[in-house]
file target.tsv (TSV, C-alpha atoms and all ligand atoms)
chain	number	residue	atom	x	y	z
A	1	MET	CA	118.95	108.69	117.64
A	2	LYS	CA	122.28	110.31	118.58
A	3	MET	CA	122.91	111.18	114.96
A	4	ILE	CA	119.52	112.78	114.67
A	5	LEU	CA	120.05	114.88	117.77
A	6	VAL	CA	123.47	116.10	116.66
A	7	PHE	CA	122.07	116.97	113.28
A	8	SER	CA	119.16	118.84	114.87
A	9	VAL	CA	121.38	120.92	117.10
A	10	VAL	CA	123.60	121.84	114.16
A	11	THR	CA	120.65	122.84	111.99
A	12	ILE	CA	119.09	124.86	114.78
A	13	PHE	CA	122.37	126.63	115.41
A	14	ALA	CA	122.88	127.35	111.72
A	15	LEU	CA	119.43	128.80	111.15
A	16	SER	CA	118.79	130.52	114.45
A	17	ASN	CA	120.54	133.71	113.35
A	18	ALA	CA	118.30	134.06	110.32
A	19	CYS	CA	114.99	133.95	112.14
A	20	PRO	CA	114.94	134.03	115.91
A	21	GLU	CA	112.50	132.45	118.40
A	22	GLU	CA	109.73	131.40	116.14
A	23	SER	CA	112.06	129.64	113.75
A	24	LEU	CA	113.70	127.81	116.62
A	25	ARG	CA	110.39	126.54	117.86
A	26	ALA	CA	109.39	125.57	114.33
A	27	LEU	CA	112.67	123.77	113.78
A	28	VAL	CA	112.33	121.76	116.96
A	29	LYS	CA	108.80	120.81	115.86
A	30	TYR	CA	110.11	120.03	112.41
A	31	GLU	CA	112.86	117.78	113.72
A	32	VAL	CA	110.40	115.97	115.99
A	33	ALA	CA	108.15	115.48	112.96
A	34	GLN	CA	111.11	114.08	111.02
A	35	VAL	CA	111.78	111.55	113.78
A	36	GLU	CA	108.08	110.68	113.80
A	37	ASN	CA	108.20	110.23	110.03
A	38	ARG	CA	111.08	107.80	110.38
A	39	ILE	CA	109.17	105.81	112.98
A	40	VAL	CA	106.10	105.74	110.73
A	41	LYS	CA	108.23	104.56	107.80
A	42	ARG	CA	109.69	101.75	109.94
A	43	LEU	CA	106.17	100.75	110.98
A	44	GLU	CA	105.03	100.84	107.36
A	45	ALA	CA	107.88	98.55	106.38
A	46	LEU	CA	107.06	96.19	109.23
A	47	VAL	CA	103.35	96.11	108.39
A	48	ASN	CA	104.06	95.64	104.70
A	49	ARG	CA	106.37	92.75	105.47
A	50	GLN	CA	103.71	91.31	107.76
A	51	ASN	CA	101.16	91.72	104.97
A	52	VAL	CA	103.36	89.98	102.47
A	53	GLN	CA	103.77	87.11	104.94
A	54	THR	CA	100.05	86.87	105.67
A	55	GLY	CA	98.97	87.53	102.10
A	56	VAL	CA	97.12	90.81	102.83
A	57	SER	CA	97.44	93.12	99.84
A	58	GLY	CA	96.83	96.80	99.28
A	59	ALA	CA	97.15	97.74	102.93
A	60	THR	CA	99.88	100.33	102.81
A	61	PHE	CA	100.24	103.37	104.97
A	62	CYS	CA	100.10	106.84	103.50
A	63	SER	CA	103.11	109.06	103.71
A	64	ALA	CA	101.94	111.71	101.25
A	65	THR	CA	102.48	114.52	103.73
A	66	SER	CA	106.18	113.83	104.23
A	67	SER	CA	107.13	116.54	101.72
A	68	TRP	CA	104.68	119.12	103.07
A	69	GLY	CA	106.97	120.58	105.74
A	70	HIS	CA	106.12	120.63	109.41
A	71	PRO	CA	102.59	120.83	110.81
A	72	PHE	CA	101.30	123.95	112.58
A	73	ASP	CA	99.05	124.08	115.60
A	74	VAL	CA	96.69	126.73	114.20
A	75	PHE	CA	93.82	126.41	116.67
A	76	GLY	CA	95.63	125.20	119.78
A	77	ARG	CA	94.24	121.71	119.29
A	78	GLY	CA	97.40	119.98	118.11
A	79	ALA	CA	99.66	120.33	115.07
A	80	GLN	CA	97.36	119.21	112.25
A	81	HIS	CA	97.72	121.81	109.51
A	82	PHE	CA	100.43	122.35	106.90
A	83	LEU	CA	101.23	125.73	105.41
A	84	ALA	CA	100.29	125.70	101.71
A	85	PHE	CA	100.67	129.42	101.15
A	86	ARG	CA	101.56	132.60	102.94
A	87	GLY	CA	100.62	135.98	101.49
A	88	THR	CA	102.61	138.87	102.93
A	89	ALA	CA	101.09	142.37	103.00
A	90	GLY	CA	102.86	145.28	101.32
A	91	VAL	CA	105.61	143.39	99.49
A	92	GLY	CA	104.71	144.85	96.07
A	93	HIS	CA	104.12	141.51	94.31
A	94	SER	CA	100.73	140.10	93.37
A	95	VAL	CA	99.46	137.59	95.90
A	96	TYR	CA	97.26	135.99	93.24
A	97	ASP	CA	100.18	135.44	90.85
A	98	ALA	CA	102.17	133.95	93.71
A	99	TYR	CA	99.32	131.61	94.64
A	100	ILE	CA	98.72	130.29	91.12
A	101	GLY	CA	102.45	129.87	90.63
A	102	ASP	CA	103.28	132.56	88.06
A	103	TYR	CA	105.40	134.52	90.45
A	104	ASN	CA	107.88	131.69	90.96
A	105	LYS	CA	108.16	131.26	87.20
A	106	LYS	CA	108.73	134.98	86.65
A	107	SER	CA	111.36	135.21	89.38
A	108	PRO	CA	112.73	131.70	89.68
A	109	ARG	CA	115.78	132.76	91.63
A	110	ARG	CA	113.86	134.74	94.17
A	111	ASN	CA	114.99	133.80	97.66
A	112	ILE	CA	112.48	133.53	100.42
A	113	GLU	CA	113.69	134.38	103.91
A	114	PRO	CA	113.28	131.59	106.51
A	115	CYS	CA	110.62	133.61	108.35
A	116	CYS	CA	108.35	133.51	105.27
A	117	THR	CA	107.42	129.96	106.22
A	118	GLN	CA	106.10	131.27	109.53
A	119	VAL	CA	102.97	133.34	110.12
A	120	ASN	CA	104.32	136.21	112.23
A	121	GLY	CA	104.36	139.28	109.97
A	122	SER	CA	106.68	141.15	112.35
A	123	LEU	CA	109.58	138.88	111.45
A	124	PRO	CA	111.64	139.64	108.32
A	125	CYS	CA	109.98	138.42	105.12
A	126	SER	CA	109.73	140.32	101.85
A	127	GLY	CA	107.78	137.86	99.70
A	128	HIS	CA	104.96	135.35	99.49
A	129	TYR	CA	105.57	131.70	100.23
A	130	ARG	CA	104.15	128.99	97.99
A	131	ASN	CA	104.35	125.35	99.03
A	132	ALA	CA	104.50	123.68	95.61
A	133	ALA	CA	104.39	120.16	97.09
A	134	ILE	CA	100.84	120.92	98.21
A	135	LEU	CA	99.52	123.35	95.60
A	136	ASN	CA	100.86	121.57	92.51
A	137	ASN	CA	99.48	118.24	93.65
A	138	TRP	CA	96.15	118.91	95.38
A	139	GLN	CA	95.53	115.54	96.99
A	140	ASN	CA	94.80	113.87	100.32
A	141	ILE	CA	93.39	117.12	101.67
A	142	GLU	CA	90.39	117.06	103.96
A	143	GLU	CA	90.19	120.70	105.02
A	144	VAL	CA	91.54	124.07	103.95
A	145	VAL	CA	91.90	126.97	106.38
A	146	VAL	CA	92.34	130.65	105.61
A	147	ALA	CA	93.90	132.33	108.62
A	148	LEU	CA	94.43	136.07	108.99
A	149	TYR	CA	97.19	137.25	111.29
A	150	ASP	CA	98.30	140.53	112.76
A	151	ARG	CA	101.83	140.44	114.20
A	152	GLY	CA	101.58	136.70	114.75
A	153	VAL	CA	98.15	136.79	116.40
A	154	LEU	CA	95.36	134.84	114.71
A	155	LYS	CA	92.54	137.31	114.08
A	156	GLN	CA	90.08	135.48	111.87
A	157	SER	CA	89.81	132.08	110.22
A	158	LEU	CA	87.63	130.27	107.72
A	159	ARG	CA	87.47	126.50	107.26
A	160	PHE	CA	86.55	124.81	104.00
A	161	ASP	CA	85.73	121.27	103.02
A	162	ALA	CA	88.33	120.24	100.44
A	163	ALA	CA	86.49	117.17	99.11
A	164	GLY	CA	86.13	117.28	95.33
A	165	THR	CA	87.97	120.59	94.97
A	166	THR	CA	91.00	121.85	93.09
A	167	TYR	CA	93.55	124.30	94.49
A	168	LEU	CA	91.50	127.05	92.85
A	169	SER	CA	87.92	125.98	93.62
A	170	TRP	CA	87.82	125.26	97.37
A	171	PHE	CA	87.39	128.93	98.28
A	172	SER	CA	83.61	129.11	97.77
A	173	ALA	CA	80.33	129.52	99.67
A	174	ASP	CA	79.45	125.87	98.92
A	175	LYS	CA	82.55	124.53	100.59
A	176	LEU	CA	82.54	126.83	103.63
A	177	LYS	CA	82.30	124.71	106.82
A	178	ASN	CA	83.07	127.25	109.49
A	179	SER	CA	82.99	131.02	109.14
A	180	GLY	CA	85.02	131.90	112.24
A	181	LYS	CA	83.81	135.12	113.87
A	182	TRP	CA	81.58	136.08	110.96
A	183	ARG	CA	78.20	134.79	112.09
A	184	ASP	CA	76.30	136.23	109.12
A	185	LEU	CA	78.49	134.83	106.37
A	186	LYS	CA	76.72	131.49	105.97
A	187	SER	CA	73.24	133.01	105.78
A	188	LYS	CA	73.96	136.02	103.56
A	189	THR	CA	74.24	135.96	99.82
A	190	THR	CA	77.57	136.94	98.33
A	191	ASN	CA	78.14	138.59	94.97
A	192	TYR	CA	81.77	137.45	95.04
A	193	PHE	CA	83.20	134.44	96.79
A	194	SER	CA	86.23	133.16	94.90
A	195	ILE	CA	90.00	133.20	94.67
A	196	ALA	CA	89.98	135.02	91.31
A	197	GLY	CA	87.46	137.53	92.74
A	198	HIS	CA	86.93	140.82	90.91
A	199	LEU	CA	89.19	140.58	87.88
A	200	SER	CA	89.64	144.22	86.88
A	201	TYR	CA	89.84	145.62	90.42
A	202	LYS	CA	92.11	142.72	91.41
A	203	ARG	CA	90.23	142.00	94.60
A	204	ARG	CA	91.38	138.44	95.11
A	205	PHE	CA	90.21	135.87	97.65
A	206	TYR	CA	87.20	138.14	97.59
A	207	ILE	CA	84.15	137.60	99.80
A	208	ASN	CA	81.73	140.43	99.22
A	209	HIS	CA	78.07	141.14	99.87
A	210	LYS	CA	77.13	144.02	97.59
A	211	LEU	CA	78.70	146.72	95.44
A	212	HIS	CA	76.88	150.04	95.72
A	213	GLY	CA	79.72	152.48	95.10
A	214	CYS	CA	82.79	152.99	97.26
A	215	LYS	CA	80.86	154.45	100.21
A	216	HIS	CA	78.34	151.65	100.46
A	217	ASP	CA	80.16	148.48	99.38
A	218	ASP	CA	80.08	145.83	102.08
A	219	GLY	CA	81.76	142.50	102.58
A	220	TRP	CA	84.03	140.29	104.66
A	221	PHE	CA	87.42	139.82	103.07
A	222	MET	CA	89.67	140.70	100.14
A	223	ALA	CA	93.28	140.45	99.15
A	224	MET	CA	93.68	143.85	97.47
A	225	ASP	CA	96.17	143.05	94.73
A	226	LYS	CA	96.35	146.31	92.75
A	227	ALA	CA	98.84	149.13	93.17
A	228	ARG	CA	96.25	151.86	92.43
A	229	PRO	CA	92.78	150.53	93.27
A	230	PRO	CA	89.58	152.50	92.60
A	231	CYS	CA	88.07	152.96	96.10
A	232	PRO	CA	89.61	155.00	98.95
A	233	TYR	CA	89.00	152.13	101.41
A	234	GLU	CA	91.40	149.85	99.56
A	235	ARG	CA	94.11	152.44	98.82
A	236	HIS	CA	97.24	152.02	100.87
A	237	SER	CA	100.87	152.99	100.45
A	238	SER	CA	101.72	149.48	99.32
A	239	PHE	CA	100.07	146.35	97.98
A	240	PRO	CA	98.85	143.67	98.44
A	241	GLN	CA	96.69	144.35	101.50
A	242	PHE	CA	94.51	141.87	103.33
A	243	LEU	CA	91.36	143.77	104.27
A	244	TYR	CA	88.73	142.19	106.46
A	245	SER	CA	85.80	142.92	108.69
A	246	SER	CA	86.99	143.08	112.31
A	247	GLY	CA	83.55	142.41	113.81
A	248	ASN	CA	81.37	139.32	113.84
A	249	ALA	CA	79.55	140.26	110.64
A	250	ARG	CA	80.31	141.90	107.31
A	251	ALA	CA	81.53	145.51	107.32
A	252	LEU	CA	81.00	148.59	105.22
A	253	TRP	CA	84.39	148.68	103.58
A	254	SER	CA	84.52	152.47	103.94
A	255	THR	CA	84.22	152.42	107.76
A	256	SER	CA	87.75	152.35	109.09
A	257	GLY	CA	87.95	150.40	112.32
A	258	ASP	CA	85.32	148.02	110.98
A	259	THR	CA	87.60	147.34	108.00
A	260	VAL	CA	91.09	146.44	109.20
A	261	GLN	CA	94.29	144.94	107.75
A	262	ALA	CA	96.04	141.65	108.37
A	263	ASP	CA	99.79	141.49	107.76
A	264	VAL	CA	99.70	137.80	106.81
A	265	MET	CA	97.13	135.63	105.06
A	266	ALA	CA	97.99	131.99	105.62
A	267	ILE	CA	96.40	129.07	103.82
A	268	PHE	CA	96.71	125.78	105.66
A	269	VAL	CA	95.65	122.30	104.64
A	270	LYS	CA	94.80	119.37	106.83
A	271	PRO	CA	95.40	115.91	105.35
A	272	TYR	CA	93.02	112.99	105.76
A	273	ASN	CA	93.83	110.91	108.80
A	274	GLY	CA	92.95	107.59	107.27
A	275	CYS	CA	93.96	106.22	103.91
A	276	ASN	CA	90.47	105.17	102.90
A	277	ASN	CA	89.54	108.41	101.20
A	278	ARG	CA	92.74	108.83	99.26
A	301	LIG	C1	105.97	138.19	116.47
A	301	LIG	O1	107.30	138.60	116.39
A	301	LIG	C2	107.59	139.77	117.14
A	301	LIG	C3	109.00	140.18	116.81
A	301	LIG	O2	109.91	139.14	117.14
A	301	LIG	C4	107.35	139.46	118.62
A	301	LIG	O3	107.59	140.63	119.38
A	301	LIG	C5	105.92	139.00	118.82
A	301	LIG	O4	105.72	138.62	120.16
A	301	LIG	C6	105.62	137.82	117.90
A	301	LIG	N1	104.23	137.50	118.02
A	301	LIG	C7	103.79	136.34	118.53
A	301	LIG	C8	102.32	136.17	118.62
A	301	LIG	O5	104.53	135.47	118.91
call {"tool": "encode", "arguments": {"input": "target.tsv", "output": "structure tokens", "more": "lines below"}}
Ligand SMILES: *[C@@H]1O[C@H](CO)[C@@H](O)[C@H](O)[C@H]1NC(C)=O
result
Amino acid sequence: MKMILVFSVVTIFALSNACPEESLRALVKYEVAQVENRIVKRLEALVNRQNVQTGVSGATFCSATSSWGHPFDVFGRGAQHFLAFRGTAGVGHSVYDAYIGDYNKKSPRRNIEPCCTQVNGSLPCSGHYRNAAILNNWQNIEEVVVALYDRGVLKQSLRFDAAGTTYLSWFSADKLKNSGKWRDLKSKTTNYFSIAGHLSYKRRFYINHKLHGCKHDDGWFMAMDKARPPCPYERHSSFPQFLYSSGNARALWSTSGDTVQADVMAIFVKPYNGCNNR
């Protein structure tokens, strides 16, 4: 225990300059999670030994999430979700490429600032964060959450059932469990609802109702991933931009105020609690 505490204090001291406040809190949570992990591992060992003695086989605990980082308390109901991806607005790199993993291959030595593993877009971060332990090995996941933030404040969230999905297929109307503030999303038809979205316009993570020309297009969300997009409503000084409807239904994309921007799009996953479904 003493060793752990000393180590924690040293790590916190070392990293606190890089990313204040938020990082400190996260680190404390992280260290607590590490201690919890150790306790769970001890228990696993004990139970396994017990099982060997009593002849019970196959009853092992799951520790698949140990490489996923620390859990976040997204909804104020306990730390249950792990950050699989963070898209950062305006950084000039494709959010889609980063999500599918191309970006890391193209710039393998790219350094991510410590704050990129947090969700507050006001803290220094000039890239997207991809948690390869989760996205390259899509397993043991019960739920996926897309959370849109503005300066660290959660503005909108969607929850998806991850059963039977891949890291590319969960973002769909079929898998949508909870549509957050958007009360009409479950009942309306969508002409786009996918991560790949509109290929030539590069509207990724696109949830749209209809396309009737720039003035009349309506929808809920898009990660605008193109430097020079076709419609005025998606043109900004930098890309990508996370555009979404600020109300409790879809918006006409061209109505500013109804269409607003998030500075961070976070994708969280929640692992299964039990081992039965793994
Ligand atoms: C996000 O970070 C900024 C800059 O440190 C801070 O002022 C703000 O309170 C943070 N937001 C939240 C929700 O903590």
call {"tool": "closest_atom_pairs", "arguments": {"input": "target.tsv", "of": "chain A", "to": "ligand LIG 301 (chain A)", "cutoff": "7 Å", "atoms": "all atoms listed in the file", "output": "CSV"}}
result
residue,atom,partner,partner_atom,distance
A:Asn120,CA,A:LIG301,C1,5.0
A:Gly121,CA,A:LIG301,C1,6.8
A:Ser122,CA,A:LIG301,O1,4.8
A:Leu123,CA,A:LIG301,O1,5.4
A:Arg151,CA,A:LIG301,C1,5.2
A:Gly152,CA,A:LIG301,C8,4.0
A:Val153,CA,A:LIG301,C8,4.8
call {"tool": "residues_near_point", "arguments": {"input": "target.tsv", "point": "(114.9, 138.0, 102.0)", "cutoff": "6 Å", "atoms": "all atoms listed in the file", "output": "PyMOL selection string"}}
result
chain A and resi 112-113+125-126
call {"tool": "atom_distance", "arguments": {"input": "target.tsv", "atom1": "CA of Asn37 (chain A)", "atom2": "CA of Arg25 (chain A)"}}
result
18.2 Å
call {"tool": "residues_around", "arguments": {"input": "target.tsv", "residues": "Lys226 (chain A)", "least_positions_apart": "2", "cutoff": "12 Å", "atoms": "all atoms listed in the file", "output": "ChimeraX atom specification"}}
result
/A:89-97,198-204,222-224,228-231,234-242
call {"tool": "write_last_selection", "arguments": {"input": "target.tsv", "atoms": "C-alpha atoms", "output": "PDB file, in the coordinates of the input"}}
result
ATOM      1  CA  ALA A  89     101.090 142.370 103.000  1.00  0.00           C
ATOM      2  CA  GLY A  90     102.860 145.280 101.320  1.00  0.00           C
ATOM      3  CA  VAL A  91     105.610 143.390  99.490  1.00  0.00           C
ATOM      4  CA  GLY A  92     104.710 144.850  96.070  1.00  0.00           C
ATOM      5  CA  HIS A  93     104.120 141.510  94.310  1.00  0.00           C
ATOM      6  CA  SER A  94     100.730 140.100  93.370  1.00  0.00           C
ATOM      7  CA  VAL A  95      99.460 137.590  95.900  1.00  0.00           C
ATOM      8  CA  TYR A  96      97.260 135.990  93.240  1.00  0.00           C
ATOM      9  CA  ASP A  97     100.180 135.440  90.850  1.00  0.00           C
ATOM     10  CA  HIS A 198      86.930 140.820  90.910  1.00  0.00           C
ATOM     11  CA  LEU A 199      89.190 140.580  87.880  1.00  0.00           C
ATOM     12  CA  SER A 200      89.640 144.220  86.880  1.00  0.00           C
ATOM     13  CA  TYR A 201      89.840 145.620  90.420  1.00  0.00           C
ATOM     14  CA  LYS A 202      92.110 142.720  91.410  1.00  0.00           C
ATOM     15  CA  ARG A 203      90.230 142.000  94.600  1.00  0.00           C
ATOM     16  CA  ARG A 204      91.380 138.440  95.110  1.00  0.00           C
ATOM     17  CA  MET A 222      89.670 140.700 100.140  1.00  0.00           C
ATOM     18  CA  ALA A 223      93.280 140.450  99.150  1.00  0.00           C
ATOM     19  CA  MET A 224      93.680 143.850  97.470  1.00  0.00           C
ATOM     20  CA  ARG A 228      96.250 151.860  92.430  1.00  0.00           C
ATOM     21  CA  PRO A 229      92.780 150.530  93.270  1.00  0.00           C
ATOM     22  CA  PRO A 230      89.580 152.500  92.600  1.00  0.00           C
ATOM     23  CA  CYS A 231      88.070 152.960  96.100  1.00  0.00           C
ATOM     24  CA  GLU A 234      91.400 149.850  99.560  1.00  0.00           C
ATOM     25  CA  ARG A 235      94.110 152.440  98.820  1.00  0.00           C
ATOM     26  CA  HIS A 236      97.240 152.020 100.870  1.00  0.00           C
ATOM     27  CA  SER A 237     100.870 152.990 100.450  1.00  0.00           C
ATOM     28  CA  SER A 238     101.720 149.480  99.320  1.00  0.00           C
ATOM     29  CA  PHE A 239     100.070 146.350  97.980  1.00  0.00           C
ATOM     30  CA  PRO A 240      98.850 143.670  98.440  1.00  0.00           C
ATOM     31  CA  GLN A 241      96.690 144.350 101.500  1.00  0.00           C
ATOM     32  CA  PHE A 242      94.510 141.870 103.330  1.00  0.00           C
TER      33      PHE A 242
END
call {"tool": "atom_distance", "arguments": {"input": "target.tsv", "atom1": "CA of Tyr272 (chain A)", "atom2": "CA of Trp182 (chain A)"}}
result
26.3 Å
call {"tool": "residues_around", "arguments": {"input": "target.tsv", "residues": "Gly164 (chain A)", "least_positions_apart": "3", "cutoff": "12 Å", "atoms": "only C-alpha atoms", "output": "count of residues only"}}
result
16
call {"tool": "residues_around", "arguments": {"input": "target.tsv", "residues": "region 69-72 of chain A", "least_positions_apart": "6", "cutoff": "8 Å", "atoms": "all atoms listed in the file", "output": "short mmCIF file (atom, residue, chain, number, x, y, z; two decimals) with C-alpha atoms, keeping the file's coordinate frame"}}
result
data_model
loop_
_atom_site.label_atom_id
_atom_site.label_comp_id
_atom_site.auth_asym_id
_atom_site.auth_seq_id
_atom_site.Cartn_x
_atom_site.Cartn_y
_atom_site.Cartn_z
CA ALA A 26 109.39 125.57 114.33
CA LYS A 29 108.80 120.81 115.86
CA TYR A 30 110.11 120.03 112.41
CA ALA A 33 108.15 115.48 112.96
CA GLY A 78 97.40 119.98 118.11
CA ALA A 79 99.66 120.33 115.07
CA GLN A 80 97.36 119.21 112.25
CA HIS A 81 97.72 121.81 109.51
CA PHE A 82 100.43 122.35 106.90
CA LEU A 83 101.23 125.73 105.41
#
call {"tool": "residues_around", "arguments": {"input": "target.tsv", "residues": "Trp253 (chain A)", "least_positions_apart": "6", "cutoff": "12 Å", "atoms": "only C-alpha atoms", "output": "ChimeraX atom specification"}}
result
/A:207-222,231-235,243-246,259-261
call {"tool": "atom_distance", "arguments": {"input": "target.tsv", "atom1": "CA of Gln118 (chain A)", "atom2": "CA of Gly76 (chain A)"}}
result
15.9 Å
call {"tool": "closest_residue", "arguments": {"input": "target.tsv", "among": "A:His128, A:Arg250, A:Arg86, A:Lys155", "to": "Asp184 (chain A)", "atoms": "all atoms listed in the file"}}
result
A:Arg250
call {"tool": "closest_residue", "arguments": {"input": "target.tsv", "among": "A:Ser194, A:Cys116, A:Leu185, A:Lys270", "to": "Ala251 (chain A)", "atoms": "all atoms listed in the file"}}
result
A:Leu185
call {"tool": "residues_near_point", "arguments": {"input": "target.tsv", "point": "(109.5, 113.7, 102.0)", "cutoff": "12 Å", "atoms": "all atoms listed in the file", "output": "PDB file with C-alpha atoms, keeping the file's coordinate frame"}}
result
ATOM      1  CA  ALA A  33     108.150 115.480 112.960  1.00  0.00           C
ATOM      2  CA  GLN A  34     111.110 114.080 111.020  1.00  0.00           C
ATOM      3  CA  ASN A  37     108.200 110.230 110.030  1.00  0.00           C
ATOM      4  CA  ARG A  38     111.080 107.800 110.380  1.00  0.00           C
ATOM      5  CA  LYS A  41     108.230 104.560 107.800  1.00  0.00           C
ATOM      6  CA  CYS A  62     100.100 106.840 103.500  1.00  0.00           C
ATOM      7  CA  SER A  63     103.110 109.060 103.710  1.00  0.00           C
ATOM      8  CA  ALA A  64     101.940 111.710 101.250  1.00  0.00           C
ATOM      9  CA  THR A  65     102.480 114.520 103.730  1.00  0.00           C
ATOM     10  CA  SER A  66     106.180 113.830 104.230  1.00  0.00           C
ATOM     11  CA  SER A  67     107.130 116.540 101.720  1.00  0.00           C
ATOM     12  CA  TRP A  68     104.680 119.120 103.070  1.00  0.00           C
ATOM     13  CA  GLY A  69     106.970 120.580 105.740  1.00  0.00           C
ATOM     14  CA  HIS A  70     106.120 120.630 109.410  1.00  0.00           C
ATOM     15  CA  ALA A 133     104.390 120.160  97.090  1.00  0.00           C
ATOM     16  CA  ILE A 134     100.840 120.920  98.210  1.00  0.00           C
TER      17      ILE A 134
END
call {"tool": "residues_around", "arguments": {"input": "target.tsv", "residues": "Met265 (chain A)", "least_positions_apart": "4", "cutoff": "6 Å", "atoms": "all atoms listed in the file", "output": "mmCIF file with C-alpha atoms, keeping the file's coordinate frame"}}
result
data_model
loop_
_atom_site.group_PDB
_atom_site.id
_atom_site.type_symbol
_atom_site.label_atom_id
_atom_site.label_comp_id
_atom_site.auth_asym_id
_atom_site.auth_seq_id
_atom_site.Cartn_x
_atom_site.Cartn_y
_atom_site.Cartn_z
ATOM 1 C CA ARG A 86 101.560 132.600 102.940
ATOM 2 C CA GLY A 87 100.620 135.980 101.490
ATOM 3 C CA ALA A 147 93.900 132.330 108.620
ATOM 4 C CA LEU A 148 94.430 136.070 108.990
#
call {"tool": "closest_residue", "arguments": {"input": "target.tsv", "among": "A:Ser172, A:Ser179, A:Ser23, A:Thr189", "to": "Cys115 (chain A)", "atoms": "only C-alpha atoms"}}
result
A:Ser23
call {"tool": "axis_aligned_box", "arguments": {"input": "target.tsv", "around": "region 31-34 of chain A", "padding_each_side": "8 Å", "output": "lines of an AutoDock Vina configuration file"}}
result
center_x = 110.5
center_y = 115.9
center_z = 113.5
size_x = 20.7
size_y = 19.7
size_z = 21.0
